[in-house]
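What follows is a set of notes on a single structure, which appears directly below.
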Amino acid sequence: MSDEPVRPKPYVGLFSQVSPSDRLRLRGIIDFVIERLIQFAGVSTIFIVGLIFFFLIREGLPAFLDIPLRQLFGGRWYPIDDFFGLWPLIVGSILVTVGAIVIAIPLGLTTAIYLGEFAPQWQREILKPLIEVLAGIPSIVLGFLGWVVLAPIVQRLGAPTGLTVFTGSLILAYMSLPTIISISEDALYAVPKEYRDGALAIGATQWQAVWRVVLPSARSGLVIAIMLGIGRAIGETMAVMMVTGNAANVPGLGLDMLFQPVRTMTATIAAEMGEVAQGSLHYSVLFAIGIVLFVITFGINSLAGRLMGTQAGRRRKENI
Amino acid sequence: MAVDKSLRIRVIGLSWLAILIVLSACSAHSASSDSADSQRAIQNKGSDTLVNLALAWAEAYQVVDPNMTIAVSGGGSGTGITSLINGTADIANASRQMKDEEIAAARAGGIEPVEIPVAIDAIAIIVNPQNPISQLTIDQLADIFTGRVTNWQEVGGNDELIVLVSRETNSGTHVYFLEEVVRKGDPENTDIFASQTLLMPSSVGITSEIGRNPRAIGYDGLGYITPEEKVIAVAKNEHSPYVLPSVSTAADDSYSLSRHLYMYTAGRPVGAVASYLDWIRGPDGQAIVTQLGFVPLSQE
């Protein structure tokens, strides 16, 4: 033992005992491992999407092969008697989604414009978290609300039953609102302040500046917000299943059709998946519905992606 | 409400599944021996019509044999039978007999399903208490549910649209109603429900829609009827008497819409499952059937 006084030990790194050259090599290895892990995480997402698509195709393809296309897209859905017409389900999903979007766009955009352009700071601080709370409500709770509160009101409005397209659309609109509001608010926020200042400087009122300058320059961002809102609405299952009545029915054209029951694609899969024998025709038709849904949402998302791309491109051009 | 119940049942089912996995992992070495059979949880799954009855039986059987646990869940007759075929249920509850395809699928999987009648159920036709209609014939019901008649006036009621309410197609009650009412018991008949028919995922869905909609007509098992609905007296045809469903009219067959409820096992039941089924069919099990508003099997 030496006589030297005991000093506090200097900070010892994990590899301080390792020679400098080894340390360098070790760091290289660690970097490599971390890089690969991150790469794996990224690629696995793509891989899983690919697997899901492969699985859908594998299970759903027999439906397209075994049932004549005309019958598959025919007007009657009654699977226990081998009526596999997807048309009422597609119409049901589209009606409910379009209804939801028609309700959600004005509400969502005006909320975003108010929050982004007009609301004083303290209001914004209250409203924004509340909107996030709305996003956090489980869909089943909204469905329950629709079933217990909204459906009797719709019935009192004169509909034959409270379980209609309109009821479903209202619930879905409130479900897609948080998405639409927060993304369109981001789009408005991304519009450079100089635009507003310039408009105000040449004598525009605040409303004119928003309507004529800010909104057009944020346009593609707003479209994306709407697209993602649609994506949220069309894929929703439980709430819709509770409030649309699930009648595989193609309502006649007219305002009246909003007050008819329909059956959506998602509700059909959820309601019938439990009963089907694996590998039966009905089973693969349910997967075929999944393919149709996947194609629709994929179309919406890639359209949103392309719009996002053009917006980013334009911004880059502007910055040069 | 509708979902709440099935969710709870599913949660119970899931937690049993978890316990089962743990148990089977712990006792993997003794799983093949007969002694494991007595401590294993019996999985009992299927018909929503039977689910309350099955729960009551499972609970009461705890007193008879405390060592045996029975996990009951619903989902519909089709779901239960599929689970039996897939091997995830020991007993399938069904409110209808197995279809030929299902039997074929079971045999293809090496399972010989055995049918055991456990109770009798009467299907009640229900309307809102505000509806003046109180009796209908099977023919009128068939016309209503296929959409040939769309206004209550045509069967003697108010001038209002008829709203049809039915269980989902995976329900044994749905299939029974299709065969016995919509098709009037004729196997050649291929009529189906009108496309406007509201399909409800649960019994609660039906009773609450009927309870709040004066235009609605639906059907449900007698054990599920609440005072918020009005039960319709049914006649086989115009010349026969109109009969209200009850335990006595179902038992003496004067009410035309009654059926057996079944439990299915994979192969002839043995051991704990066999004694459970014997108990269900015995006087104690059948007393519970009466308590819940179903009709007991006649004790021969």
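Chains: A, B, ... in order of the structure tokens. Residues: from 1 per chain. Ligands: from 1, in order shown.
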- as JSON, numbers by chain, list the residues of range 57-206 of chain B assigned to helix (DSSP H, G or I) by DSSP on the backbone atoms of this structure. {"B": [57, 58, 59, 60, 61, 62, 63, 64, 77, 78, 79, 80, 81, 82, 83, 84, 85, 86, 100, 101, 102, 103, 104, 105, 106, 107, 108, 138, 139, 140, 141, 142, 143, 144, 145, 146, 152, 153, 154, 155, 172, 173, 174, 175, 176, 177, 178, 179, 180, 181, 182, 203, 204, 205, 206]}
- Taking only C-alpha atoms into account, report as number ranges by chain which residues of chain A lie within 8 Å of chain B. A: 76, 79-80, 144, 152, 155, 160-161, 245-249, 261, 271-272, 274-277
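As for CA of Thr146 in chain B and CA of Val240 in chain A, they are spaced 25.0 Å apart.
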- Distance query range 55-63 of chain A at most 9 Å, only C-alpha atoms, self and fewer than 3 positions along chain excluded, as a ChimeraX atom specification: /A:50-52,66-68,72,279,281-291
Neighbours of Ser95 in chain B within 9 Å (only C-alpha atoms; same-chain residues fewer than 4 positions away dropped), as a PDB file with C-alpha atoms, in the first residue's frame?
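Written out: selection_8.pdb:
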```
ATOM      1  CA  GLY B  46     -71.049 -19.688 -27.934  1.00  0.00           C
ATOM      2  CA  SER B  47     -74.667 -18.622 -28.159  1.00  0.00           C
ATOM      3  CA  ASP B  48     -75.563 -15.264 -26.639  1.00  0.00           C
ATOM      4  CA  THR B  49     -79.028 -16.662 -25.981  1.00  0.00           C
ATOM      5  CA  LEU B  50     -77.472 -19.255 -23.709  1.00  0.00           C
ATOM      6  CA  GLY B  76     -72.945 -16.332 -30.985  1.00  0.00           C
ATOM      7  CA  SER B  77     -73.639 -19.976 -31.809  1.00  0.00           C
ATOM      8  CA  ASP B 121     -86.325 -21.472 -25.509  1.00  0.00           C
ATOM      9  CA  SER B 171     -76.768 -15.598 -33.997  1.00  0.00           C
ATOM     10  CA  GLY B 172     -78.546 -18.938 -33.741  1.00  0.00           C
ATOM     11  CA  THR B 173     -81.734 -17.015 -33.027  1.00  0.00           C
ATOM     12  CA  TYR B 176     -83.972 -20.061 -36.336  1.00  0.00           C
ATOM     13  CA  ARG B 259     -86.738 -24.557 -30.008  1.00  0.00           C
ATOM     14  CA  HIS B 260     -84.155 -26.597 -28.153  1.00  0.00           C
ATOM     15  CA  LEU B 261     -80.899 -25.088 -26.952  1.00  0.00           C
ATOM     16  CA  TYR B 262     -77.820 -27.281 -27.201  1.00  0.00           C
ATOM     17  CA  MET B 263     -74.362 -27.842 -25.898  1.00  0.00           C
TER      18      MET B 263
END
```
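Across the model, the gap from CA of Leu172 in chain A to CA of Ile137 in chain A is 12.3 Å.
Separating CA of Arg124 in chain A from CA of Glu236 in chain A is a distance of 28.7 Å.
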- Which residues in range 138-240 of chain B does DSSP call strand (DSSP E or B)? List them as a ChimeraX atom specification. /B:151,161,163-167,198-200,216-221,230-235
Can I get the selected residues back with N, CA and C atoms, as a PDB file, in the first residue's frame?
```
ATOM      1  N   ASN B 151     -95.809  -1.215 -44.217  1.00  0.00           N
ATOM      2  CA  ASN B 151     -96.544  -0.238 -43.410  1.00  0.00           C
ATOM      3  C   ASN B 151     -97.409  -0.978 -42.391  1.00  0.00           C
ATOM      4  N   LEU B 161     -94.354   3.492 -41.090  1.00  0.00           N
ATOM      5  CA  LEU B 161     -93.373   2.558 -41.621  1.00  0.00           C
ATOM      6  C   LEU B 161     -93.045   1.489 -40.582  1.00  0.00           C
ATOM      7  N   VAL B 163     -90.186  -0.718 -38.956  1.00  0.00           N
ATOM      8  CA  VAL B 163     -88.726  -0.837 -38.819  1.00  0.00           C
ATOM      9  C   VAL B 163     -88.418  -2.231 -38.276  1.00  0.00           C
ATOM     10  N   LEU B 164     -87.630  -2.991 -39.058  1.00  0.00           N
ATOM     11  CA  LEU B 164     -87.327  -4.367 -38.690  1.00  0.00           C
ATOM     12  C   LEU B 164     -86.036  -4.433 -37.886  1.00  0.00           C
ATOM     13  N   VAL B 165     -86.071  -5.197 -36.804  1.00  0.00           N
ATOM     14  CA  VAL B 165     -84.885  -5.330 -35.968  1.00  0.00           C
ATOM     15  C   VAL B 165     -84.581  -6.816 -35.805  1.00  0.00           C
ATOM     16  N   SER B 166     -83.329  -7.194 -36.045  1.00  0.00           N
ATOM     17  CA  SER B 166     -82.956  -8.599 -35.965  1.00  0.00           C
ATOM     18  C   SER B 166     -81.593  -8.741 -35.313  1.00  0.00           C
ATOM     19  N   ARG B 167     -81.265  -9.961 -34.877  1.00  0.00           N
ATOM     20  CA  ARG B 167     -79.902 -10.237 -34.432  1.00  0.00           C
ATOM     21  C   ARG B 167     -78.991 -10.355 -35.648  1.00  0.00           C
ATOM     22  N   LEU B 198     -82.447  -3.897 -39.509  1.00  0.00           N
ATOM     23  CA  LEU B 198     -81.337  -3.499 -38.648  1.00  0.00           C
ATOM     24  C   LEU B 198     -80.779  -4.763 -38.004  1.00  0.00           C
ATOM     25  N   LEU B 199     -79.464  -4.963 -38.130  1.00  0.00           N
ATOM     26  CA  LEU B 199     -78.858  -6.148 -37.521  1.00  0.00           C
ATOM     27  C   LEU B 199     -78.112  -5.725 -36.264  1.00  0.00           C
ATOM     28  N   MET B 200     -78.578  -6.222 -35.122  1.00  0.00           N
ATOM     29  CA  MET B 200     -78.002  -5.801 -33.847  1.00  0.00           C
ATOM     30  C   MET B 200     -77.005  -6.832 -33.352  1.00  0.00           C
ATOM     31  N   ALA B 216     -90.897  -0.051 -34.481  1.00  0.00           N
ATOM     32  CA  ALA B 216     -90.020  -1.221 -34.604  1.00  0.00           C
ATOM     33  C   ALA B 216     -90.722  -2.520 -34.237  1.00  0.00           C
ATOM     34  N   ILE B 217     -90.280  -3.594 -34.897  1.00  0.00           N
ATOM     35  CA  ILE B 217     -90.684  -4.952 -34.514  1.00  0.00           C
ATOM     36  C   ILE B 217     -89.438  -5.817 -34.530  1.00  0.00           C
ATOM     37  N   GLY B 218     -89.323  -6.691 -33.560  1.00  0.00           N
ATOM     38  CA  GLY B 218     -88.147  -7.552 -33.495  1.00  0.00           C
ATOM     39  C   GLY B 218     -88.489  -8.856 -32.816  1.00  0.00           C
ATOM     40  N   TYR B 219     -87.459  -9.645 -32.515  1.00  0.00           N
ATOM     41  CA  TYR B 219     -87.691 -10.921 -31.844  1.00  0.00           C
ATOM     42  C   TYR B 219     -86.526 -11.174 -30.902  1.00  0.00           C
ATOM     43  N   ASP B 220     -86.773 -11.917 -29.874  1.00  0.00           N
ATOM     44  CA  ASP B 220     -85.695 -12.275 -28.946  1.00  0.00           C
ATOM     45  C   ASP B 220     -86.149 -13.464 -28.110  1.00  0.00           C
ATOM     46  N   GLY B 221     -85.189 -14.094 -27.446  1.00  0.00           N
ATOM     47  CA  GLY B 221     -85.512 -15.225 -26.596  1.00  0.00           C
ATOM     48  C   GLY B 221     -86.384 -14.771 -25.431  1.00  0.00           C
ATOM     49  N   LYS B 230     -93.546  -5.003 -25.721  1.00  0.00           N
ATOM     50  CA  LYS B 230     -94.848  -5.674 -25.722  1.00  0.00           C
ATOM     51  C   LYS B 230     -94.707  -6.962 -26.527  1.00  0.00           C
ATOM     52  N   VAL B 231     -95.145  -8.075 -25.956  1.00  0.00           N
ATOM     53  CA  VAL B 231     -95.023  -9.364 -26.620  1.00  0.00           C
ATOM     54  C   VAL B 231     -96.268  -9.616 -27.464  1.00  0.00           C
ATOM     55  N   ILE B 232     -96.062 -10.080 -28.689  1.00  0.00           N
ATOM     56  CA  ILE B 232     -97.146 -10.301 -29.635  1.00  0.00           C
ATOM     57  C   ILE B 232     -97.597 -11.768 -29.564  1.00  0.00           C
ATOM     58  N   ALA B 233     -98.905 -11.989 -29.592  1.00  0.00           N
ATOM     59  CA  ALA B 233     -99.423 -13.355 -29.660  1.00  0.00           C
ATOM     60  C   ALA B 233     -99.334 -13.845 -31.103  1.00  0.00           C
ATOM     61  N   VAL B 234     -98.880 -15.069 -31.287  1.00  0.00           N
ATOM     62  CA  VAL B 234     -98.612 -15.587 -32.629  1.00  0.00           C
ATOM     63  C   VAL B 234     -99.529 -16.772 -32.937  1.00  0.00           C
ATOM     64  N   ALA B 235    -100.055 -16.804 -34.176  1.00  0.00           N
ATOM     65  CA  ALA B 235    -100.861 -17.941 -34.621  1.00  0.00           C
ATOM     66  C   ALA B 235    -100.181 -18.603 -35.807  1.00  0.00           C
TER      67      ALA B 235
END
```
Env of Gln291 in chain B: 12 Å cut, atoms = only C-alpha atoms, seq-sep filter 4 positions within chain, self excluded. Answer as a compact mmCIF listing (two decimals) with N, CA and C atoms, in the first residue's frame.
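Listing of out-v3.txt after writing:
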```
# COMPACT_ATOMS: atom_id res chain seq x y z
N ASN B 52 -76.31 -16.23 -20.43
CA ASN B 52 -76.70 -15.99 -19.04
C ASN B 52 -76.99 -17.29 -18.31
N LEU B 53 -77.66 -18.20 -19.03
CA LEU B 53 -77.97 -19.49 -18.45
C LEU B 53 -76.68 -20.25 -18.16
N ALA B 56 -75.04 -18.87 -15.13
CA ALA B 56 -75.73 -19.27 -13.91
C ALA B 56 -75.40 -20.72 -13.56
N TRP B 57 -75.35 -21.59 -14.58
CA TRP B 57 -74.99 -22.98 -14.34
C TRP B 57 -73.57 -23.09 -13.79
N GLY B 223 -86.39 -15.45 -22.39
CA GLY B 223 -85.65 -15.12 -21.17
C GLY B 223 -85.09 -13.71 -21.17
N VAL B 247 -93.62 -20.20 -20.43
CA VAL B 247 -93.01 -21.49 -20.12
C VAL B 247 -94.00 -22.61 -20.42
N ASP B 284 -81.36 -30.15 -10.71
CA ASP B 284 -80.77 -28.91 -10.21
C ASP B 284 -80.50 -27.94 -11.36
N GLY B 285 -79.90 -28.45 -12.43
CA GLY B 285 -79.60 -27.60 -13.58
C GLY B 285 -80.87 -27.06 -14.21
N GLN B 286 -81.89 -27.91 -14.32
CA GLN B 286 -83.13 -27.49 -14.98
C GLN B 286 -83.94 -26.52 -14.12
N ALA B 287 -83.70 -26.55 -12.80
CA ALA B 287 -84.38 -25.56 -11.93
C ALA B 287 -83.88 -24.16 -12.28
N VAL B 295 -87.40 -22.61 -20.72
CA VAL B 295 -88.29 -23.74 -20.47
C VAL B 295 -87.44 -24.98 -20.21
N PRO B 296 -87.67 -25.67 -19.07
CA PRO B 296 -86.84 -26.85 -18.77
C PRO B 296 -87.16 -28.02 -19.68
```
- List the neighbours of Val181 in chain B out to 10 Å using only C-alpha atoms; skip same-chain residues closer than 6 positions along the sequence, and give me the result as a PyMOL selection string. chain B and resi 137-143+145-146+175+236+256-257
- Item | Nearest candidate to Asn67 in chain B (options B:His174, B:Ala272, B:Asn158, B:Met98; using only C-alpha atoms) |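 Of B:His174, B:Ala272, B:Asn158, B:Met98, the one nearest Asn67 in chain B is B:Ala272, counting only C-alpha atoms.
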